[in-house]
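Below is one structure; the comments refer to it alone.
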Amino acid sequence: MVTLKGTKVVSGIVIGRLFVYMHPDKHISRATVEDTDAQLKLFEDARNKAISQLEELYDSSVPYLGETNASIFVAQEMLLEDGKYISFVRKQIEESRLNAAYAVVLASDEFSRLFTSIEDKYMQSHVADVRDVSERLLRILCGAEGEMVLPQEPCIYASDDFSAGDIVGFNRDNVLGLATMFGSQVSHASILAGTMGIPSIIGLGQEMLSIYDGRCAILDGQSGELIIDPDKKTLERMKKKQKEYEEHQKMLLLLKGKNNITRGGKYINVYANIGSAEGVETALMYDAGGIGLFRSEFIYIESLTYPTEEEQFNIYREVLEKMRGRKVIIRTLDLGTDKQASYFRPEKENNPALGYRAVRISLAQPGIFKTQLRALFRASVFGNLDIMFPLIISVEEIRQIKDIIREVTAELDSDNIEYSRDVRLGIMIETPAAVMISEELAGEVDFFSIGTNDLTQFTLAIDRQNPKLETYFNSIHPAVMKMIEITVNNAHKAGIPVDICGEAAADLTHTQDFINMGIDALSVAPNMVLPLRKKIRECD
Ligand code: PEP
Ligand code: MG
């Protein structure tokens, strides 16, 4: 029996087989080889296998994606037939005597660079294809064939780290829990695991080796432990703990239908954060008063290409209809940093968290933004919609956003398409700049929502993604608390409501502080709605 200690992220106790999921490109090193023919054969076999995988993927996805969207697999197959790509890899093996896997890594870099340097936007879009195809080859060459070898039964997934895109790609029914060597509590992978209610732990360290693949394991999302090959006594003890946890969860369900009201009689709205239309079911199951943050970028991440206006409209409409008049705050696209869509790869940046992301993309590429806004406004007649904009740093940005909204609604008017005139517009307060000018910003919008994840990152100058800084990342640092206080005061001075939708909202040790500051609402992962309700009812 081996017990590894990490950090808890999402509570819950699960028992099952461990499946170690490796990202191939992180483990490939350069090697000089004697037998170049053997490496050429490895590459040729991998190429043929990748081609047949892509053919299968195309056939199986046409029925639900349609031929146009599925054609991405045809484009990728063509790359594998492309003489230039093939001869580049062969040359690396034959002339530089490199191992096949490393030759593919070099080809991936070289062709991505080539496509990026071409001015034409269409050619640039091939960068994602080059990377995906190369990754597929690497998975085959390294013995891990990606989607093809994902287990068919429920397992505990373990890895060095997961990206939000990895999690979106897994079949939820087969993921009992998530365990990582590294990771961070406020990465989008962790946040996504929280909104999907997948018990998770991070930071287990390098001992979580691939030799544990296939072993029986217990993941304890309460203590942050991963127990491998548990002995009989431990297994019994953990099964008992699991039962107690489940009973506690049932007890919490008794709070459904009750008010979020403090002992002093103050009412606090409790909303849920979601990343997909399916998240609404969980939010309703836990009796959320509304959706405080729908991270719409997950629609883009899950999609093989830019989601169309119609696809987005259907999703927003479904969410609004299912929430039956309860508040739904949908945040516009917040791609960037650790949230990447395979078809949207901006150039490599030195500081991606400070880079081309969120509203900056929306304002620089208004075509993408307008498609989303049209879908949102069209859906607005089906419920109670608020639209929120991420990473705001100036009044000017809000004015630009409003100009674009005016264009979109004018188009809808001239097309005689209905939309609600009551859509409220709000912004995320997640940069120190926004806090410092919150008085001015409050005069421009209908509400504020404080994103403590990014606000902490930027206030403390601590990368929210860096596992080495995990212990320094403190969303209730006095400086962050002061930022929250300033924001709440300026919002209330202007007569607009303010909520917290970052992970700090679920920190029950500070609920009383947030209430004292005058926060109007807290928005948390769906499975935290009832624990938070319980806490609010115990507060003064
Ligand atoms: C935040 O930054 O606190 C937030 C809610 O947005 P995200 O976590 O998606 O960056
Ligand atoms: Mg943020």
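Just so we're on the same page: first chain in the structure tokens is A, next is B, and so on; residues restart at 1 for each chain, and ligands are numbered from 1 in the order they show up.
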Site check for ligand 1: residues at most 9 Å away, only C-alpha atoms and all ligand atoms, as number ranges by chain: A: 186-188, 191, 273, 293, 295, 297, 334-335, 339, 358, 390-391, 428-431, 449-457, 500-504
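Residue neighbourhood of A:Tyr306, excluding near-sequence residues (fewer than 5 positions): A:Asn69, A:Ile299, A:Tyr300, A:Ile301, A:Glu311, A:Gln312, A:Ala341, A:Ser342, A:Tyr343, A:Phe344, A:Ile368, A:Thr371, at 10 Å, using only C-alpha atoms.
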Within 9 Å of stretch 108-113 of chain A, counting only C-alpha atoms, which residues qualify if same-chain residues fewer than 5 places away don't, as a PyMOL selection string? chain A and resi 85+103+118+124+126-135
Shell of 10 Å around A:Lys482, only C-alpha atoms, local chain residues under 5 positions omitted, as a list in words: Val435, Ile476, His477, Thr487, Val488 and Met517 of chain A
Residues as selected, N, CA and C atoms, written as a short mmCIF file (atom, residue, chain, number, x, y, z; two decimals), in the first residue's frame, can you do that?
data_model
loop_
_atom_site.label_atom_id
_atom_site.label_comp_id
_atom_site.auth_asym_id
_atom_site.auth_seq_id
_atom_site.Cartn_x
_atom_site.Cartn_y
_atom_site.Cartn_z
N VAL A 435 -10.44 47.64 -10.09
CA VAL A 435 -10.77 48.01 -8.71
C VAL A 435 -10.52 49.50 -8.51
N ILE A 476 -7.59 35.28 0.06
CA ILE A 476 -8.10 36.11 1.17
C ILE A 476 -6.95 36.88 1.82
N HIS A 477 -5.90 37.07 1.04
CA HIS A 477 -4.79 37.95 1.45
C HIS A 477 -5.39 39.32 1.76
N THR A 487 -14.30 47.64 -4.07
CA THR A 487 -15.24 47.39 -5.17
C THR A 487 -16.69 47.41 -4.67
N VAL A 488 -16.93 46.74 -3.54
CA VAL A 488 -18.30 46.68 -3.01
C VAL A 488 -18.78 48.11 -2.67
N MET A 517 -18.91 42.84 4.54
CA MET A 517 -18.55 43.86 3.55
C MET A 517 -19.77 44.33 2.76
#
Of A:Ile427, A:Ala100, A:Ala50, A:Val9, the one sitting nearest ligand 2 when using only C-alpha atoms and all ligand atoms is A:Ile427
Write out as number ranges by chain the residues lying within 10 Å of A:Ile486, counting only C-alpha atoms and excluding same-chain residues fewer than 6 positions away. A: 435-439, 480, 517
Would you mind exporting the chosen residues as a compact mmCIF listing (two decimals), in the first residue's frame, restricted to C-alpha atoms?
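This is the output file again_6.txt:
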# COMPACT_ATOMS: atom_id res chain seq x y z
CA VAL A 435 -10.77 48.01 -8.71
CA MET A 436 -8.95 51.33 -8.73
CA ILE A 437 -11.40 52.86 -11.22
CA SER A 438 -14.45 50.96 -9.94
CA GLU A 439 -16.15 54.26 -9.11
CA VAL A 480 -7.26 41.10 -2.01
CA MET A 517 -18.55 43.86 3.55
Residue with the minimum atom-to-atom distance to ligand 2, picked from A:Ile291, A:Val319, A:Ile392, A:Leu18 with only C-alpha atoms and all ligand atoms counted, is A:Ile392
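Using only C-alpha atoms and all ligand atoms for every distance, the candidate list A:Lys370, A:His510, A:Arg331, A:His492 yields A:Arg331 as the residue closest to ligand 2.
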Do you know which residues are at most 12 Å from A:Ile462 counting only C-alpha atoms, after dropping those on the same chain fewer than 2 positions away, and could you put them as JSON, numbers by chain? {"A": [184, 186, 353, 354, 453, 454, 455, 456, 457, 458, 459, 460, 464, 465, 466, 467, 468, 469, 470, 471, 472, 473, 474, 475, 477]}
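Here the question is which of A:Glu407, A:Glu349, A:Glu321, A:Glu310 gets nearest to A:Arg378 using only C-alpha atoms, and that residue is A:Glu310.
Between atom CA of A:Thr308 and atom CA of A:Tyr419 lies a distance of 18.4 Å.
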Among stretch 353-435 of chain A, which ones does DSSP place in alpha helix (DSSP H), written as a PyMOL selection string? chain A and resi 359-364+366-379+395-414+432-435
Could you find all residues in stretch 167-415 of chain A that DSSP calls strand (DSSP E or B) from the backbone, and write them as a PyMOL selection string? chain A and resi 175-180+200-202+216-220+225-228+261+267+269-274+290-295+327-331+336+339+341+344+384-389
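Between atom CA of A:Ala158 and atom CA of A:Met285 there is a distance of 28.3 Å.
By chain and then residue number, the residues within 9 Å of A:Thr36 are Ile93, Glu94, Arg97, Leu98, Asn99 and Ala100 of chain A, counting only C-alpha atoms and disregarding those fewer than 6 positions away in sequence.
Take the candidates A:Leu441, A:Met323, A:Met388, A:Met78 and check each one against ligand 2 using only C-alpha atoms and all ligand atoms; the shortest distance goes to A:Met388.
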